[in-house]
$ cat data_1.csv   # CSV, C-alpha atoms
chain,number,residue,atom,x,y,z
A,875,VAL,CA,-5.4,-7.7,14.7
A,876,PHE,CA,-4.7,-4.2,13.6
A,877,GLU,CA,-7.0,-2.5,16.0
A,878,ASN,CA,-4.5,-3.7,18.7
A,879,VAL,CA,-1.4,-2.4,17.0
A,880,ALA,CA,-2.5,0.8,15.2
A,881,GLU,CA,-0.7,3.2,17.6
A,882,SER,CA,2.5,1.3,17.7
A,883,TYR,CA,2.5,0.2,14.0
A,884,ASP,CA,5.3,2.5,12.7
A,885,VAL,CA,7.5,1.8,15.7
A,886,MET,CA,7.2,-1.9,15.3
A,887,ASN,CA,7.9,-1.6,11.5
A,888,ASP,CA,11.1,0.2,12.3
A,889,MET,CA,12.2,-2.3,14.9
A,890,MET,CA,11.3,-5.4,12.8
A,891,SER,CA,13.0,-4.2,9.6
A,892,GLY,CA,15.8,-2.1,11.0
A,893,GLY,CA,14.2,0.9,9.3
A,894,MET,CA,14.4,-0.8,5.9
A,895,HIS,CA,10.6,-0.5,5.5
A,896,ARG,CA,11.0,3.2,4.9
A,897,LEU,CA,13.4,2.6,2.0
A,898,TRP,CA,11.2,-0.1,0.5
A,899,LYS,CA,8.2,2.3,0.6
A,900,ASP,CA,10.2,5.2,-0.9
A,901,TYR,CA,11.3,3.0,-3.8
A,902,PHE,CA,7.7,1.7,-4.2
A,903,VAL,CA,6.3,5.2,-4.5
A,904,ASP,CA,9.0,6.2,-6.9
A,905,LEU,CA,7.9,3.3,-9.1
A,906,THR,CA,4.4,4.7,-9.2
A,907,CYS,CA,5.7,7.7,-11.1
A,908,VAL,CA,3.1,9.9,-9.3
A,909,GLY,CA,5.6,12.8,-9.0
A,910,PRO,CA,6.4,13.1,-12.8
A,911,MET,CA,2.8,12.4,-13.8
A,912,SER,CA,1.5,15.0,-11.4
A,913,ARG,CA,3.8,17.7,-12.9
A,914,ILE,CA,2.6,16.9,-16.4
A,915,ILE,CA,-1.1,16.9,-15.3
A,916,ARG,CA,-0.7,20.2,-13.5
A,917,GLN,CA,0.9,21.7,-16.6
A,918,GLN,CA,-2.0,20.5,-18.8
A,919,GLN,CA,-4.5,21.9,-16.3
A,920,GLN,CA,-2.9,25.3,-16.6
A,921,GLN,CA,-3.4,25.0,-20.3
A,922,GLY,CA,-7.2,24.6,-19.8
A,923,LYS,CA,-7.4,20.9,-20.2
A,924,GLU,CA,-9.6,18.7,-18.0
A,925,VAL,CA,-7.3,16.2,-16.6
A,926,GLU,CA,-6.9,14.3,-13.3
A,927,LEU,CA,-4.9,11.6,-11.5
A,928,ARG,CA,-6.7,9.5,-9.0
A,929,CYS,CA,-4.8,7.1,-6.8
A,930,LEU,CA,-6.2,4.5,-4.4
A,931,ASP,CA,-4.1,3.1,-1.6
A,932,VAL,CA,-5.7,0.0,-0.1
A,933,ALA,CA,-5.0,-1.3,3.4
A,934,GLY,CA,-3.1,2.0,3.9
A,935,GLY,CA,-4.8,3.2,7.0
A,936,THR,CA,-1.9,4.9,8.8
A,937,GLY,CA,-1.0,6.8,5.6
A,938,ASP,CA,2.6,5.7,5.0
A,939,ILE,CA,2.2,5.3,1.2
A,940,ALA,CA,-0.5,8.0,0.7
A,941,PHE,CA,1.7,10.6,2.4
A,942,ARG,CA,4.6,9.8,0.2
A,943,MET,CA,2.4,10.2,-2.9
A,944,ILE,CA,0.9,13.4,-1.6
A,945,GLU,CA,4.4,14.8,-1.2
A,946,ALA,CA,5.6,13.5,-4.5
A,947,ALA,CA,2.6,15.3,-6.2
A,948,GLN,CA,3.1,18.5,-4.1
A,949,CYS,CA,-0.5,18.4,-3.0
A,950,ALA,CA,0.2,20.1,0.3
A,951,GLU,CA,1.5,23.1,-1.5
A,952,ARG,CA,-1.4,23.1,-3.9
A,953,SER,CA,-3.9,23.0,-1.0
A,954,LYS,CA,-2.8,26.6,-0.1
A,955,SER,CA,-4.7,27.7,-3.2
A,956,SER,CA,-8.5,27.6,-3.6
A,957,GLY,CA,-10.4,25.0,-5.4
A,958,GLN,CA,-10.3,21.2,-5.7
A,959,ASP,CA,-7.0,19.6,-6.7
A,960,CYS,CA,-6.9,17.5,-9.9
A,961,ILE,CA,-4.6,15.1,-8.1
A,962,SER,CA,-6.1,12.9,-5.4
A,963,VAL,CA,-5.1,10.0,-3.1
A,964,THR,CA,-7.8,7.9,-1.4
A,965,VAL,CA,-6.7,5.8,1.5
A,966,CYS,CA,-9.0,2.8,1.9
A,967,ASP,CA,-8.8,0.4,4.9
A,968,ILE,CA,-11.2,-2.0,6.5
A,969,ASN,CA,-10.1,-0.9,9.9
A,970,THR,CA,-11.6,2.3,11.3
A,971,GLU,CA,-8.9,2.6,14.0
A,972,MET,CA,-6.1,2.6,11.4
A,973,LEU,CA,-8.0,5.2,9.4
A,974,ARG,CA,-8.4,7.3,12.5
A,975,VAL,CA,-4.7,7.3,13.2
A,976,GLY,CA,-3.9,8.1,9.5
A,977,GLU,CA,-6.4,11.0,9.3
A,978,ARG,CA,-5.1,12.4,12.6
A,979,ARG,CA,-1.5,12.3,11.3
A,980,ALA,CA,-2.5,13.9,8.0
A,981,ARG,CA,-4.2,16.8,9.6
A,982,SER,CA,-1.3,17.3,12.0
A,983,ARG,CA,1.3,17.1,9.2
A,984,TYR,CA,-0.4,19.0,6.4
A,985,GLY,CA,-3.3,20.9,7.9
A,986,SER,CA,-7.0,20.4,7.2
A,987,ALA,CA,-7.2,22.2,3.9
A,988,LEU,CA,-5.7,19.2,2.1
A,989,LEU,CA,-8.6,17.0,3.2
A,990,ASP,CA,-11.5,19.5,3.5
A,991,GLU,CA,-10.8,22.1,0.7
A,992,SER,CA,-8.5,20.8,-2.0
A,993,LYS,CA,-9.7,17.2,-1.2
A,994,ALA,CA,-6.4,15.8,-2.4
A,995,LEU,CA,-6.4,13.3,0.4
A,996,LYS,CA,-9.4,11.2,1.5
A,997,PHE,CA,-9.9,8.4,4.0
A,998,GLN,CA,-12.5,5.8,3.2
A,999,GLN,CA,-13.5,2.6,5.0
A,1000,GLY,CA,-13.8,-0.3,2.7
A,1001,ASN,CA,-13.0,-4.0,2.2
A,1002,ALA,CA,-10.4,-4.9,-0.4
A,1003,GLN,CA,-12.6,-7.9,-1.4
A,1004,ASP,CA,-15.7,-5.7,-2.0
A,1005,LEU,CA,-14.6,-2.4,-3.4
A,1006,VAL,CA,-16.9,-2.4,-6.5
A,1007,PRO,CA,-19.7,-1.3,-6.3
A,1008,GLN,CA,-20.0,-1.2,-2.5
A,1009,THR,CA,-17.4,1.5,-2.0
A,1010,PHE,CA,-16.3,2.8,-5.4
A,1011,ALA,CA,-17.6,2.8,-9.0
A,1012,PRO,CA,-15.8,0.6,-11.5
A,1013,ASN,CA,-13.1,2.2,-13.7
A,1014,THR,CA,-12.4,5.0,-11.1
A,1015,PHE,CA,-8.7,5.1,-10.4
A,1016,ASP,CA,-5.5,5.5,-12.4
A,1017,ILE,CA,-3.2,3.8,-9.8
A,1018,TYR,CA,-4.0,1.2,-7.2
A,1019,THR,CA,-1.4,0.5,-4.5
A,1020,ILE,CA,-1.4,-2.0,-1.7
A,1021,SER,CA,1.6,-2.1,0.7
A,1022,PHE,CA,1.9,-5.0,3.2
A,1023,GLY,CA,-1.8,-5.6,3.0
A,1024,LEU,CA,-2.6,-8.2,0.3
A,1025,ARG,CA,-1.5,-11.1,2.5
A,1026,ASN,CA,-4.2,-10.0,5.0
A,1027,VAL,CA,-7.0,-10.2,2.3
A,1028,THR,CA,-8.8,-13.5,3.0
A,1029,ASP,CA,-9.4,-14.2,-0.7
A,1030,VAL,CA,-6.3,-12.9,-2.6
A,1031,ASP,CA,-7.8,-13.7,-6.0
A,1032,LYS,CA,-11.0,-11.7,-5.1
A,1033,GLY,CA,-8.8,-8.9,-3.9
A,1034,LEU,CA,-6.9,-8.9,-7.2
A,1035,GLN,CA,-10.2,-9.0,-9.2
A,1036,GLN,CA,-11.5,-6.0,-7.3
A,1037,ALA,CA,-8.3,-4.1,-7.9
A,1038,PHE,CA,-8.7,-4.8,-11.6
A,1039,GLU,CA,-12.4,-3.7,-11.5
A,1040,VAL,CA,-11.7,-0.4,-9.7
A,1041,LEU,CA,-8.9,0.7,-12.1
A,1042,LYS,CA,-9.6,2.6,-15.2
A,1043,PRO,CA,-8.5,1.0,-18.5
A,1044,GLY,CA,-4.8,1.5,-18.7
A,1045,GLY,CA,-4.6,1.8,-14.9
A,1046,ARG,CA,-1.7,0.4,-13.0
A,1047,PHE,CA,-1.6,-2.0,-10.1
A,1048,LEU,CA,1.4,-2.1,-7.7
A,1049,CYS,CA,1.8,-4.3,-4.6
A,1050,LEU,CA,4.5,-4.2,-2.0
A,1051,GLU,CA,4.5,-7.3,0.1
A,1052,PHE,CA,6.6,-9.6,2.2
A,1053,SER,CA,7.6,-12.5,0.0
A,1054,HIS,CA,9.8,-15.6,-0.1
A,1055,VAL,CA,13.6,-15.7,0.0
A,1056,PRO,CA,15.0,-18.0,-2.7
A,1057,HIS,CA,18.4,-18.5,-1.1
A,1058,ALA,CA,18.2,-21.5,1.2
A,1059,THR,CA,20.8,-20.4,3.8
A,1060,PHE,CA,19.4,-16.8,3.9
A,1061,GLN,CA,15.9,-18.3,4.3
A,1062,GLN,CA,17.0,-20.3,7.3
A,1063,LEU,CA,18.4,-17.2,9.0
A,1064,TYR,CA,15.3,-15.2,8.1
A,1065,ASP,CA,13.0,-17.9,9.6
A,1066,LEU,CA,15.1,-18.0,12.8
A,1067,TYR,CA,14.8,-14.2,13.1
A,1068,SER,CA,11.1,-14.1,12.1
A,1069,PHE,CA,9.7,-16.8,14.3
A,1070,HIS,CA,11.7,-16.1,17.4
A,1071,MET,CA,12.5,-12.3,17.4
A,1072,ILE,CA,9.5,-10.7,15.8
A,1073,PRO,CA,6.8,-12.0,18.2
A,1074,THR,CA,9.1,-11.2,21.2
A,1075,MET,CA,9.5,-7.6,19.9
A,1076,GLY,CA,5.7,-7.4,19.5
A,1077,GLN,CA,5.3,-8.4,23.2
A,1078,LEU,CA,7.9,-6.0,24.4
A,1079,ILE,CA,7.0,-3.0,22.3
A,1080,ALA,CA,3.3,-3.3,21.5
A,1081,ASN,CA,2.3,-5.7,24.3
A,1082,ASP,CA,0.8,-7.9,21.7
A,1083,ARG,CA,2.7,-11.1,20.9
A,1084,ASP,CA,-0.2,-12.8,19.1
A,1085,SER,CA,-0.7,-10.2,16.4
A,1086,TYR,CA,3.0,-10.4,15.4
A,1087,GLN,CA,2.9,-14.2,15.6
A,1088,TYR,CA,0.1,-14.0,13.1
A,1089,LEU,CA,2.2,-11.6,10.9
A,1090,VAL,CA,5.0,-14.1,10.6
A,1091,GLU,CA,2.7,-17.0,9.8
A,1092,SER,CA,0.8,-15.0,7.2
A,1093,ILE,CA,4.0,-14.2,5.4
A,1094,ARG,CA,4.9,-17.9,5.1
A,1095,LYS,CA,1.4,-18.7,3.8
A,1096,PHE,CA,1.4,-16.0,1.1
A,1097,PRO,CA,1.9,-17.0,-2.5
A,1098,LYS,CA,5.4,-17.1,-3.9
A,1099,GLN,CA,6.5,-14.4,-6.4
A,1100,GLU,CA,5.8,-16.4,-9.5
A,1101,ASP,CA,2.5,-17.7,-8.2
A,1102,LEU,CA,1.2,-14.2,-7.4
A,1103,GLN,CA,2.2,-13.0,-10.8
A,1104,ALA,CA,0.3,-15.8,-12.4
A,1105,ARG,CA,-2.8,-15.0,-10.3
A,1106,MET,CA,-2.6,-11.4,-11.4
A,1107,GLU,CA,-2.6,-12.5,-15.0
A,1108,GLN,CA,-5.6,-14.8,-14.4
A,1109,VAL,CA,-7.8,-11.8,-13.4
A,1110,GLY,CA,-6.7,-9.9,-16.5
A,1111,PHE,CA,-3.6,-7.8,-15.7
A,1112,GLN,CA,-1.1,-7.5,-18.5
A,1113,SER,CA,2.6,-6.6,-18.7
A,1114,THR,CA,3.1,-8.1,-15.2
A,1115,LYS,CA,6.4,-8.4,-13.4
A,1116,TYR,CA,7.9,-8.6,-10.0
A,1117,THR,CA,11.0,-7.2,-8.4
A,1118,ASN,CA,12.7,-8.7,-5.3
A,1119,LEU,CA,14.1,-6.4,-2.7
A,1120,THR,CA,16.5,-7.3,0.1
A,1121,GLY,CA,17.0,-10.8,-1.2
A,1122,GLY,CA,13.3,-11.5,-1.6
A,1123,ILE,CA,12.2,-10.5,1.9
A,1124,VAL,CA,9.8,-8.2,0.1
A,1125,ALA,CA,8.7,-8.0,-3.5
A,1126,ILE,CA,7.0,-5.5,-5.7
A,1127,HIS,CA,4.4,-6.8,-8.2
A,1128,GLU,CA,3.2,-4.6,-11.1
A,1129,GLY,CA,0.6,-5.0,-13.8
A,1130,TYR,CA,-1.7,-3.0,-16.1
A,1131,LYS,CA,-5.4,-3.1,-16.9
A,1132,PRO,CA,-5.7,-3.3,-20.7
A,1133,LEU,CA,-7.1,-0.3,-22.6
$ encode --input "data_1.csv" --output "structure tokens"
Amino acid sequence: VFENVAESYDVMNDMMSGGMHRLWKDYFVDLTCVGPMSRIIRQQQQQGKEVELRCLDVAGGTGDIAFRMIEAAQCAERSKSSGQDCISVTVCDINTEMLRVGERRARSRYGSALLDESKALKFQQGNAQDLVPQTFAPNTFDIYTISFGLRNVTDVDKGLQQAFEVLKPGGRFLCLEFSHVPHATFQQLYDLYSFHMIPTMGQLIANDRDSYQYLVESIRKFPKQEDLQARMEQVGFQSTKYTNLTGGIVAIHEGYKPL
């Protein structure tokens, strides 16, 4: 599906959400606290301490979330100095075309030093269901994010288990995903818009109705907020919670891997 829409992905997101996806993603990255943590870690590094912050953004091929984290952590500014950055963001996606678009945008926006010298940003092909040990070692990352990608994982429970495995003890999982509207009247209006307008926009803008028909159907099949929270707890996450945005059109789920 996403090989077909990689180049028009951001345009379609703007059209489908009226630009709201940018606000959702901004808020999502604010919740990661990557900015404040990075400032503390850089201060500790200046004091001679060996510290790092490793972030993994899964299903993030075009870089929307990763770029926000890079900017929050001021990695582009840091890349002007020599040596490897103690802050890093790895974008992992199963789709090589999405990764190609993301890396091209990164080099255009930040320059190649960020990827080739400071190595603060990396692009890695991988399957959310088979991260450990195929792509990454267990207990590798401090933060795991997945934005509008978990519903595309064939086995959601296996995806959650892999997120748990790849996080360090104390690591944090955050998921931004389309969800379920609890208000009946709002749900009816949302369904009318989703099933009739979104596939039509996909046809007109991306010349791909089928991919966006799949998008709408995948949202409806995705677990409800409470169900996803329970499934997170089943694989071992603790202190779990979810936050509805825009009346439940999207939700953010959070949890921690125990120490």
$ atom_distance --input "data_1.csv" --atom1 "atom CA of A:Ser986" --atom2 "atom CA of A:Arg913"
23.0 Å
$ closest_residue --input "data_1.csv" --among "A:Leu897, A:Leu1050, A:Ala987, A:Val965" --to "A:Phe1022" --atoms "all atoms listed in the file"
A:Leu1050
$ atom_distance --input "data_1.csv" --atom1 "atom CA of A:Arg928" --atom2 "atom CA of A:Asp1016"
5.4 Å
$ atom_distance --input "data_1.csv" --atom1 "atom CA of A:Cys966" --atom2 "atom CA of A:Tyr1018"
10.5 Å
$ residues_around --input "data_1.csv" --residues "A:His1070" --least-positions-apart "5" --cutoff "12 Å" --atoms "only C-alpha atoms" --output "MDAnalysis selection string"
chainID A and resid 890 1063:1065 1075:1077 1083 1086:1087 1090:1091
$ closest_residue --input "data_1.csv" --among "A:Asn969, A:Thr964, A:Thr1009, A:Gln1061" --to "A:Leu989" --atoms "all atoms listed in the file"
A:Thr964
$ residues_around --input "data_1.csv" --residues "A:Val1027" --least-positions-apart "4" --cutoff "7 Å" --atoms "all atoms listed in the file" --output "list in words"
Ala1002, Gly1023 and Gly1033 of chain A
$ closest_residue --input "data_1.csv" --among "A:Ala1037, A:Ile1072, A:Ile968, A:Val975" --to "A:Val1006" --atoms "all atoms listed in the file"
A:Ala1037
$ residues_around --input "data_1.csv" --residues "A:Leu1041" --least-positions-apart "5" --cutoff "12 Å" --atoms "only C-alpha atoms" --output "PyMOL selection string"
chain A and resi 927-931+1005-1006+1010-1019+1034-1036+1046-1048+1110-1111+1129-1133
$ residues_around --input "data_1.csv" --residues "A:Leu973" --least-positions-apart "3" --cutoff "9 Å" --atoms "only C-alpha atoms" --output "PyMOL selection string"
chain A and resi 934-937+965-970+976-978+997-999
$ closest_residue --input "data_1.csv" --among "A:Pro1043, A:Gly1121, A:Gly957, A:Gly892" --to "A:Ala1058" --atoms "only C-alpha atoms"
A:Gly1121
$ closest_residue --input "data_1.csv" --among "A:Cys960, A:Ile1093, A:Ile939, A:Ala950" --to "A:Leu1024" --atoms "all atoms listed in the file"
A:Ile1093
$ residues_near_point --input "data_1.csv" --point "(-3.3, 18.5, 6.3)" --cutoff "12 Å" --atoms "all atoms listed in the file" --output "PyMOL selection string"
chain A and resi 937+941+944-945+949-954+976-996
$ closest_residue --input "data_1.csv" --among "A:Ala940, A:Cys907, A:Cys1049, A:Ile961" --to "A:Glu924" --atoms "all atoms listed in the file"
A:Ile961
$ axis_aligned_box --input "data_1.csv" --around "stretch 1030-1038 of chain A" --padding-each-side "4 Å" --output "AutoDock Vina command-line options"
--center_x -8.9 --center_y -8.9 --center_z -7.1 --size_x 13.2 --size_y 17.6 --size_z 17.0
$ closest_atom_pairs --input "data_1.csv" --of "stretch 1038-1072 of chain A" --to "stretch 1096-1107 of chain A" --cutoff "10 Å" --atoms "only C-alpha atoms" --output "tab-separated table"
residue	atom	partner	partner_atom	distance
A:Phe1038	CA	A:Met1106	CA	9.0
A:Phe1047	CA	A:Met1106	CA	9.5
A:Glu1051	CA	A:Phe1096	CA	9.3
A:Phe1052	CA	A:Phe1096	CA	8.3
A:Ser1053	CA	A:Lys1098	CA	6.4
A:His1054	CA	A:Lys1098	CA	6.0
A:Val1055	CA	A:Lys1098	CA	9.2
A:Pro1056	CA	A:Lys1098	CA	9.7
